[in-house]
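Peer 1: Structure provided below as structure tokens; questions to follow.
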Amino acid sequence: MAAAIQSSSFLCSQRRIAKASINIPKLNISSVAFPKLQNSRGLVHDLELIRNNGYTKPITEKASPLSSPATPYVSDPIVITKLYAIMDAVADRVEMHKNICEQRNNWNSLLLTAINTITLSAATMAGIAATATLGSPLLALKMSSTLMYLAATGMLVIMNKIQPSQLAEEQRNATRLCKQLHNQIQTLIAIGNPTARDVDEALEKVLAIDRAFPLPLLGKMIEKFPASVEPTVWWPKHRRGQLKGEQIKSNGNGWSEKMEEQMKEIVGVLNKNDKADYLRLGEKALKINKVMAKAGPLLTGIAAVGSAFVGSPSHGSWAVVLGVAAGALASVVNTLEHGGQVGMVVELYRSNAGFFKQMEEDIEFNLNETDVERRENGELFEMKVALNLGRSLSELRDLADCSKRQGKDFEEFGSKLF
């Protein structure tokens with residue numbers, strides 16, 4: 001019993017020692033100073049506007065200590081609404097150009113098949129008529145062959161005039177450019193703070209694409225056989241006047257004197273090598289297309305005349321040759337022209353030349369601006385040029401340096417993409 005009492009007293013003493021060792025001092029909470037949130041209602045209001053609308057209103061009240069000074073400017077909701085309206089119109093144009101591209105591509109394949117079938121059938125009838133005896137069978141075969149040749153000639157004239165493969169390529173380019181413009185407007189809204197000037201520029205770009213790639217055929221169709229090949233222009237002219245005079249040599253806004261010299265060399269390379277080469281190839285393709293466009297209807301017309309004289313005692317031999325051989329040759333020429341899509345190749349060269357012309361104008365416009373602060377950021381602009389040419393920044397600079405060293409003897413193309 002004495003041992004139990006002794007152990008109990010020992011445990012009580014140990015508890016008192018532990019309690020004393022873990023004793024935590026009391027803090028006077030009233031003495032701790034917390035920062036006061038001034039004007040918290042205005043801060044919450046501004047944050048709600050940013051979260052819900054994507055833009056901010058002017059901050060007229062005194063800013064709180066926790067408010068960020070990074071958004072002091074205003075995005076006009078009317079400007080945002082206009083940009084969204086333009087985006088909707090551009091998205092609609094994307095679908096229109098895409099559908100019309102498919103339609104005109106079908107024109108090319110269906111008309112090619114139909115005309116070749118008619119031509120070869122007419123040539124077959126002309127050959128059979130040469131072996132027929134005089135009478136109604138010979139007359140029926142001759143008339144059928146002649147009428148089919150005349151129908152093929154008329155269809156071929158129309159097909160060569162409108163060049164369906166070239167029309168389809170125009171709509172492909174328009175679809176791609178409209179998608180590109182749609183993405184640019186999306187980026188502009190996402191970055192924030194667009195202005196009325198951005199709205200005007202976006203609208204001008206839409207109208208420029210409409211002028212470059214018209215949808216209707218009658219009255220507004222692009223001339224398919226011009227005197228010379230010119231680059232396609234699908235962008236508006238720069239609105240701000242190009243300032244002349246001595247250029248400012250400054251490192252401001254990402255620009256430097258060395259970068260300006262490199263950009264000048266790149267403009268020279270694009271103009272002398274890339275754009276000139278595509279225009280040269282376009283001229284060759286245009287000449288080939290002109291010859292084939294004239295040769296096809298001419299051959300079917302000759303075949304129609306020959307088939308009309310099949311069975312004649314005085315012109316029987318050469319009439320059969322013309323009726324059969326000219327028809328077969330016309331089918332070959334038609335297949336090479338429209339099956340090979342020579343018109344599409346001409347349009348492809350024109351659009352590629354236009355791509356390099358646009359790059360030249362953009363570079364020259366920035367270089368002619370004497371105030372570097374009004375130019376596009378130099379580092380960003382250099383990166384865009386490199387990406388458009390399929391080069392890295394180091395490769396772009398090496399291209400400019402090599403062009404400067406070799407001068408007129410430099411023959412390397414600026415673009416690695418096409």
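Ordered as shown in the structure tokens, chains take letters A, B, and onward, while each chain numbers its residues from 1 and ligands are numbered from 1 in the order shown.
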At a cut-off of 6 Å, using only C-alpha atoms, what residues contact segment 260-273 of chain A? Leave out same-chain residues fewer than 2 positions from it and give the result as a list in words.

Peer 2: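 The neighbour list is Glu257, Lys258, Lys275, Ala276, Asp277, Glu360, Ala400, Phe413 and Gly414 of chain A.
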
Peer 1: If you run DSSP on this backbone, which residues of segment 191-284 of chain A come out as alpha helix (DSSP H), and could you give them as number ranges by chain?

Peer 2: A: 191, 196-212, 257-269, 276-284

Peer 1: Deliver the residues from the most recent selection as a file, using N, CA, C and O atoms, as a compact mmCIF listing (two decimals), in the first residue's frame.

Peer 2:
# COMPACT_ATOMS: atom_id res chain seq x y z
N ILE A 191 -4.40 39.57 -76.48
CA ILE A 191 -3.35 40.41 -75.91
C ILE A 191 -3.95 41.60 -75.17
O ILE A 191 -3.47 42.01 -74.12
N ALA A 196 -9.35 51.65 -82.21
CA ALA A 196 -10.16 51.83 -83.42
C ALA A 196 -9.32 51.66 -84.67
O ALA A 196 -9.82 51.23 -85.72
N ARG A 197 -8.04 51.99 -84.58
CA ARG A 197 -7.16 51.82 -85.73
C ARG A 197 -7.00 50.34 -86.08
O ARG A 197 -6.91 49.97 -87.26
N ASP A 198 -6.95 49.48 -85.06
CA ASP A 198 -6.88 48.04 -85.31
C ASP A 198 -8.12 47.55 -86.04
O ASP A 198 -8.04 46.66 -86.89
N VAL A 199 -9.27 48.12 -85.70
CA VAL A 199 -10.52 47.75 -86.38
C VAL A 199 -10.44 48.13 -87.86
O VAL A 199 -10.80 47.34 -88.74
N ASP A 200 -9.97 49.35 -88.13
CA ASP A 200 -9.86 49.80 -89.53
C ASP A 200 -8.89 48.93 -90.32
O ASP A 200 -9.15 48.58 -91.48
N GLU A 201 -7.76 48.58 -89.71
CA GLU A 201 -6.78 47.75 -90.41
C GLU A 201 -7.33 46.36 -90.69
O GLU A 201 -7.11 45.80 -91.78
N ALA A 202 -8.05 45.78 -89.73
CA ALA A 202 -8.64 44.46 -89.95
C ALA A 202 -9.67 44.50 -91.07
O ALA A 202 -9.73 43.59 -91.91
N LEU A 203 -10.47 45.56 -91.09
CA LEU A 203 -11.48 45.70 -92.15
C LEU A 203 -10.82 45.86 -93.51
O LEU A 203 -11.26 45.27 -94.51
N GLU A 204 -9.75 46.63 -93.58
CA GLU A 204 -9.03 46.81 -94.85
C GLU A 204 -8.42 45.50 -95.33
O GLU A 204 -8.40 45.23 -96.54
N LYS A 205 -7.93 44.68 -94.41
CA LYS A 205 -7.36 43.39 -94.80
C LYS A 205 -8.44 42.47 -95.39
O LYS A 205 -8.18 41.76 -96.37
N VAL A 206 -9.62 42.48 -94.80
CA VAL A 206 -10.72 41.66 -95.32
C VAL A 206 -11.07 42.10 -96.74
O VAL A 206 -11.23 41.26 -97.65
N LEU A 207 -11.20 43.40 -96.95
CA LEU A 207 -11.57 43.90 -98.28
C LEU A 207 -10.46 43.65 -99.29
O LEU A 207 -10.74 43.40 -100.48
N ALA A 208 -9.21 43.71 -98.86
CA ALA A 208 -8.10 43.44 -99.78
C ALA A 208 -8.12 41.98 -100.24
O ALA A 208 -7.86 41.68 -101.41
N ILE A 209 -8.44 41.06 -99.33
CA ILE A 209 -8.55 39.65 -99.72
C ILE A 209 -9.71 39.46 -100.68
O ILE A 209 -9.62 38.69 -101.64
N ASP A 210 -10.82 40.17 -100.44
CA ASP A 210 -11.97 40.06 -101.35
C ASP A 210 -11.61 40.53 -102.76
O ASP A 210 -12.06 39.94 -103.75
N ARG A 211 -10.82 41.60 -102.84
CA ARG A 211 -10.41 42.10 -104.16
C ARG A 211 -9.43 41.16 -104.85
O ARG A 211 -9.46 40.99 -106.07
N ALA A 212 -8.55 40.55 -104.07
CA ALA A 212 -7.53 39.69 -104.67
C ALA A 212 -8.10 38.35 -105.14
O ALA A 212 -7.64 37.79 -106.14
N GLU A 257 21.86 49.20 -85.80
CA GLU A 257 22.37 49.50 -87.15
C GLU A 257 22.72 48.23 -87.91
O GLU A 257 22.46 48.12 -89.11
N LYS A 258 23.26 47.25 -87.20
CA LYS A 258 23.61 45.99 -87.85
C LYS A 258 22.36 45.26 -88.34
O LYS A 258 22.34 44.69 -89.44
N MET A 259 21.30 45.28 -87.53
CA MET A 259 20.06 44.61 -87.95
C MET A 259 19.47 45.28 -89.17
O MET A 259 18.96 44.61 -90.07
N GLU A 260 19.54 46.60 -89.24
CA GLU A 260 19.01 47.31 -90.40
C GLU A 260 19.78 46.92 -91.66
O GLU A 260 19.18 46.71 -92.73
N GLU A 261 21.10 46.81 -91.55
CA GLU A 261 21.89 46.41 -92.70
C GLU A 261 21.55 44.98 -93.13
O GLU A 261 21.47 44.68 -94.33
N GLN A 262 21.33 44.11 -92.16
CA GLN A 262 20.96 42.73 -92.49
C GLN A 262 19.60 42.66 -93.17
O GLN A 262 19.43 41.90 -94.13
N MET A 263 18.66 43.46 -92.70
CA MET A 263 17.34 43.46 -93.33
C MET A 263 17.40 43.99 -94.76
O MET A 263 16.69 43.51 -95.65
N LYS A 264 18.26 44.97 -95.00
CA LYS A 264 18.42 45.47 -96.37
C LYS A 264 18.97 44.38 -97.29
O LYS A 264 18.53 44.24 -98.44
N GLU A 265 19.91 43.61 -96.78
CA GLU A 265 20.46 42.52 -97.59
C GLU A 265 19.41 41.45 -97.87
O GLU A 265 19.34 40.90 -98.97
N ILE A 266 18.58 41.17 -96.88
CA ILE A 266 17.53 40.16 -97.06
C ILE A 266 16.52 40.62 -98.11
O ILE A 266 16.06 39.82 -98.95
N VAL A 267 16.18 41.90 -98.11
CA VAL A 267 15.28 42.43 -99.13
C VAL A 267 15.88 42.24 -100.51
O VAL A 267 15.19 41.83 -101.46
N GLY A 268 17.18 42.51 -100.64
CA GLY A 268 17.83 42.32 -101.93
C GLY A 268 17.82 40.88 -102.39
O GLY A 268 17.60 40.58 -103.57
N VAL A 269 18.05 39.94 -101.45
CA VAL A 269 18.05 38.51 -101.80
C VAL A 269 16.65 38.08 -102.25
O VAL A 269 16.49 37.39 -103.27
N ALA A 276 12.03 36.90 -108.21
CA ALA A 276 12.34 36.88 -109.64
C ALA A 276 12.25 35.47 -110.21
O ALA A 276 11.79 35.27 -111.34
N ASP A 277 12.65 34.47 -109.43
CA ASP A 277 12.60 33.09 -109.91
C ASP A 277 11.16 32.62 -110.09
O ASP A 277 10.83 31.97 -111.10
N TYR A 278 10.30 32.96 -109.15
CA TYR A 278 8.90 32.54 -109.27
C TYR A 278 8.19 33.28 -110.41
O TYR A 278 7.33 32.71 -111.08
N LEU A 279 8.54 34.53 -110.62
CA LEU A 279 7.95 35.23 -111.76
C LEU A 279 8.44 34.65 -113.08
O LEU A 279 7.66 34.54 -114.04
N ARG A 280 9.70 34.25 -113.13
CA ARG A 280 10.23 33.62 -114.35
C ARG A 280 9.53 32.29 -114.62
O ARG A 280 9.13 32.00 -115.76
N LEU A 281 9.37 31.48 -113.59
CA LEU A 281 8.67 30.21 -113.76
C LEU A 281 7.20 30.43 -114.11
O LEU A 281 6.62 29.68 -114.91
N GLY A 282 6.60 31.47 -113.53
CA GLY A 282 5.22 31.79 -113.85
C GLY A 282 5.04 32.18 -115.31
O GLY A 282 4.03 31.82 -115.93
N GLU A 283 6.02 32.92 -115.85
CA GLU A 283 5.96 33.31 -117.26
C GLU A 283 6.02 32.07 -118.16
O GLU A 283 5.28 31.97 -119.14
N LYS A 284 6.87 31.12 -117.81
CA LYS A 284 6.97 29.89 -118.62
C LYS A 284 5.67 29.09 -118.55
O LYS A 284 5.17 28.61 -119.58

Peer 1: Please list as JSON, numbers by chain every residue within 7 Å of segment 98-112 of chain A, counting only C-alpha atoms and excluding residues in the same chain fewer than 6 positions away.

Peer 2: {"A": [164, 165, 167, 168, 171, 172, 175, 338]}

Peer 1: Between atom CA of Thr146 of chain A and atom CA of Ser307 of chain A, measure the distance and give it in Å to one decimal.

Peer 2: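 One can read the atom CA of Thr146 of chain A to atom CA of Ser307 of chain A distance as 5.7 Å.
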
Peer 1: Which of these, A:Asn253, A:Ser312, A:Thr187, A:Asn289, has the shortest distance to Asn366 of chain A once you count only C-alpha atoms?

Peer 2: A:Asn253

Peer 1: Just give me the gap between atom CA of Glu361 of chain A and atom CA of Glu382 of chain A in Å, one decimal is fine.

Peer 2: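 One can read the atom CA of Glu361 of chain A to atom CA of Glu382 of chain A distance as 14.4 Å.
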
Peer 1: May I ask for the distance between atom CA of Ala319 of chain A and atom CA of Leu139 of chain A, given in Å to one decimal place?

Peer 2: 14.4 Å

Peer 1: Name the closest residue to Gly340 of chain A among the candidates A:Lys161, A:Leu120, A:Met292, A:Ile189; distances are taken between atoms, counting only C-alpha atoms.

Peer 2: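 Among A:Lys161, A:Leu120, A:Met292, A:Ile189, it is A:Met292 that comes nearest to Gly340 of chain A.
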
Peer 1: Which polymer residues have any atom within 8 Å of an atom of segment 153-159 of chain A, counting only C-alpha atoms, with same-chain residues fewer than 2 positions away left out, as a PDB file with N, CA, C and O atoms, in the first residue's frame?

Peer 2:
ATOM      1  N   LEU A 111     -15.432  18.249-115.971  1.00  0.00           N
ATOM      2  CA  LEU A 111     -15.335  18.735-117.353  1.00  0.00           C
ATOM      3  C   LEU A 111     -14.233  18.026-118.114  1.00  0.00           C
ATOM      4  O   LEU A 111     -14.382  17.717-119.313  1.00  0.00           O
ATOM      5  N   ILE A 115     -15.242  16.015-121.469  1.00  0.00           N
ATOM      6  CA  ILE A 115     -14.719  16.437-122.774  1.00  0.00           C
ATOM      7  C   ILE A 115     -13.866  15.343-123.399  1.00  0.00           C
ATOM      8  O   ILE A 115     -13.954  15.082-124.616  1.00  0.00           O
ATOM      9  N   TYR A 149     -17.811  16.526-131.828  1.00  0.00           N
ATOM     10  CA  TYR A 149     -16.597  17.350-131.896  1.00  0.00           C
ATOM     11  C   TYR A 149     -16.926  18.837-131.679  1.00  0.00           C
ATOM     12  O   TYR A 149     -16.193  19.553-130.976  1.00  0.00           O
ATOM     13  N   LEU A 150     -18.006  19.293-132.273  1.00  0.00           N
ATOM     14  CA  LEU A 150     -18.392  20.694-132.087  1.00  0.00           C
ATOM     15  C   LEU A 150     -18.768  20.975-130.630  1.00  0.00           C
ATOM     16  O   LEU A 150     -18.420  22.032-130.082  1.00  0.00           O
ATOM     17  N   ALA A 151     -19.483  20.022-130.019  1.00  0.00           N
ATOM     18  CA  ALA A 151     -19.825  20.198-128.604  1.00  0.00           C
ATOM     19  C   ALA A 151     -18.571  20.214-127.737  1.00  0.00           C
ATOM     20  O   ALA A 151     -18.443  21.037-126.813  1.00  0.00           O
ATOM     21  N   LYS A 161     -11.189  29.155-120.903  1.00  0.00           N
ATOM     22  CA  LYS A 161     -11.375  30.551-120.542  1.00  0.00           C
ATOM     23  C   LYS A 161     -11.378  30.752-119.027  1.00  0.00           C
ATOM     24  O   LYS A 161     -10.751  31.684-118.511  1.00  0.00           O
ATOM     25  N   ILE A 162     -12.081  29.892-118.303  1.00  0.00           N
ATOM     26  CA  ILE A 162     -12.213  30.088-116.858  1.00  0.00           C
ATOM     27  C   ILE A 162     -11.117  29.372-116.071  1.00  0.00           C
ATOM     28  O   ILE A 162     -10.851  29.732-114.918  1.00  0.00           O
ATOM     29  N   GLN A 163     -10.471  28.354-116.649  1.00  0.00           N
ATOM     30  CA  GLN A 163      -9.394  27.630-115.972  1.00  0.00           C
ATOM     31  C   GLN A 163      -9.822  27.176-114.572  1.00  0.00           C
ATOM     32  O   GLN A 163      -9.426  27.756-113.549  1.00  0.00           O
ATOM     33  N   PRO A 164     -10.646  26.131-114.471  1.00  0.00           N
ATOM     34  CA  PRO A 164     -11.154  25.714-113.153  1.00  0.00           C
ATOM     35  C   PRO A 164     -10.077  25.371-112.135  1.00  0.00           C
ATOM     36  O   PRO A 164     -10.242  25.635-110.945  1.00  0.00           O
ATOM     37  N   ALA A 293      -4.178  26.105-124.409  1.00  0.00           N
ATOM     38  CA  ALA A 293      -5.558  26.609-124.445  1.00  0.00           C
ATOM     39  C   ALA A 293      -6.007  26.894-125.876  1.00  0.00           C
ATOM     40  O   ALA A 293      -7.201  26.777-126.187  1.00  0.00           O
ATOM     41  N   GLY A 296      -6.044  23.031-128.014  1.00  0.00           N
ATOM     42  CA  GLY A 296      -7.129  22.087-127.768  1.00  0.00           C
ATOM     43  C   GLY A 296      -8.360  22.341-128.621  1.00  0.00           C
ATOM     44  O   GLY A 296      -8.785  21.462-129.394  1.00  0.00           O
ATOM     45  N   PRO A 297      -8.982  23.526-128.538  1.00  0.00           N
ATOM     46  CA  PRO A 297     -10.151  23.802-129.389  1.00  0.00           C
ATOM     47  C   PRO A 297      -9.830  23.762-130.880  1.00  0.00           C
ATOM     48  O   PRO A 297     -10.680  23.377-131.691  1.00  0.00           O
ATOM     49  N   LEU A 298      -8.597  24.175-131.247  1.00  0.00           N
ATOM     50  CA  LEU A 298      -8.227  24.134-132.667  1.00  0.00           C
ATOM     51  C   LEU A 298      -8.208  22.700-133.186  1.00  0.00           C
ATOM     52  O   LEU A 298      -8.719  22.414-134.289  1.00  0.00           O
ATOM     53  N   THR A 300      -9.848  20.038-131.949  1.00  0.00           N
ATOM     54  CA  THR A 300     -11.204  19.479-132.017  1.00  0.00           C
ATOM     55  C   THR A 300     -11.989  20.086-133.175  1.00  0.00           C
ATOM     56  O   THR A 300     -12.813  19.396-133.804  1.00  0.00           O
ATOM     57  N   GLY A 301     -11.744  21.362-133.502  1.00  0.00           N
ATOM     58  CA  GLY A 301     -12.395  21.969-134.667  1.00  0.00           C
ATOM     59  C   GLY A 301     -11.941  21.331-135.958  1.00  0.00           C
ATOM     60  O   GLY A 301     -12.765  21.053-136.862  1.00  0.00           O
TER      61      GLY A 301
END

Peer 1: Measuring atom to atom with only C-alpha atoms, identify which of A:Gln166, A:Pro236, A:Gly254, A:Asp92 is nearest to Ile222 of chain A.

Peer 2: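 The answer is A:Gln166, which sits nearest to Ile222 of chain A.
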
Peer 1: Just checking: using only C-alpha atoms, which residue out of A:Thr131, A:Thr195, A:Gln358, A:Gln341 ends up closest to Trp234 of chain A?

Peer 2: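 Answer, going by the shortest atom-to-atom distance: A:Gln358.
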
Peer 1: Need the shell around Val79 of chain A: protein/DNA/RNA residues with any atom at most 8 Å away, counting only C-alpha atoms. Skip same-chain ones fewer than 2 positions apart. Format as a list in words?

Peer 2: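 These residues fall inside the cut-off: Ser75, Asp76, Pro77, Thr81, Lys82, Leu83, Pro194, Thr195, Ala196 and Val199 of chain A.
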
Peer 1: Store the residues picked out above, limited to N, CA and C atoms, as a compact mmCIF listing (two decimals), in the first residue's frame.

Peer 2:
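Final output, saved to again18.txt:
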# COMPACT_ATOMS: atom_id res chain seq x y z
N SER A 75 -9.78 49.41 -72.71
CA SER A 75 -10.17 48.81 -73.98
C SER A 75 -11.64 49.14 -74.20
N ASP A 76 -11.91 49.82 -75.28
CA ASP A 76 -13.27 50.25 -75.56
C ASP A 76 -14.13 49.04 -75.90
N PRO A 77 -15.24 48.82 -75.20
CA PRO A 77 -16.09 47.66 -75.53
C PRO A 77 -16.65 47.72 -76.93
N THR A 81 -16.37 44.73 -79.69
CA THR A 81 -17.56 44.24 -80.41
C THR A 81 -17.34 44.27 -81.91
N LYS A 82 -16.74 45.33 -82.42
CA LYS A 82 -16.46 45.43 -83.85
C LYS A 82 -15.49 44.35 -84.31
N LEU A 83 -14.46 44.09 -83.50
CA LEU A 83 -13.50 43.05 -83.87
C LEU A 83 -14.17 41.68 -83.91
N PRO A 194 -7.01 46.67 -77.79
CA PRO A 194 -7.10 47.06 -79.20
C PRO A 194 -7.71 48.44 -79.34
N THR A 195 -7.44 49.09 -80.45
CA THR A 195 -7.92 50.44 -80.69
C THR A 195 -8.78 50.49 -81.95
N ALA A 196 -9.35 51.65 -82.21
CA ALA A 196 -10.16 51.83 -83.42
C ALA A 196 -9.32 51.66 -84.67
N VAL A 199 -9.27 48.12 -85.70
CA VAL A 199 -10.52 47.75 -86.38
C VAL A 199 -10.44 48.13 -87.86
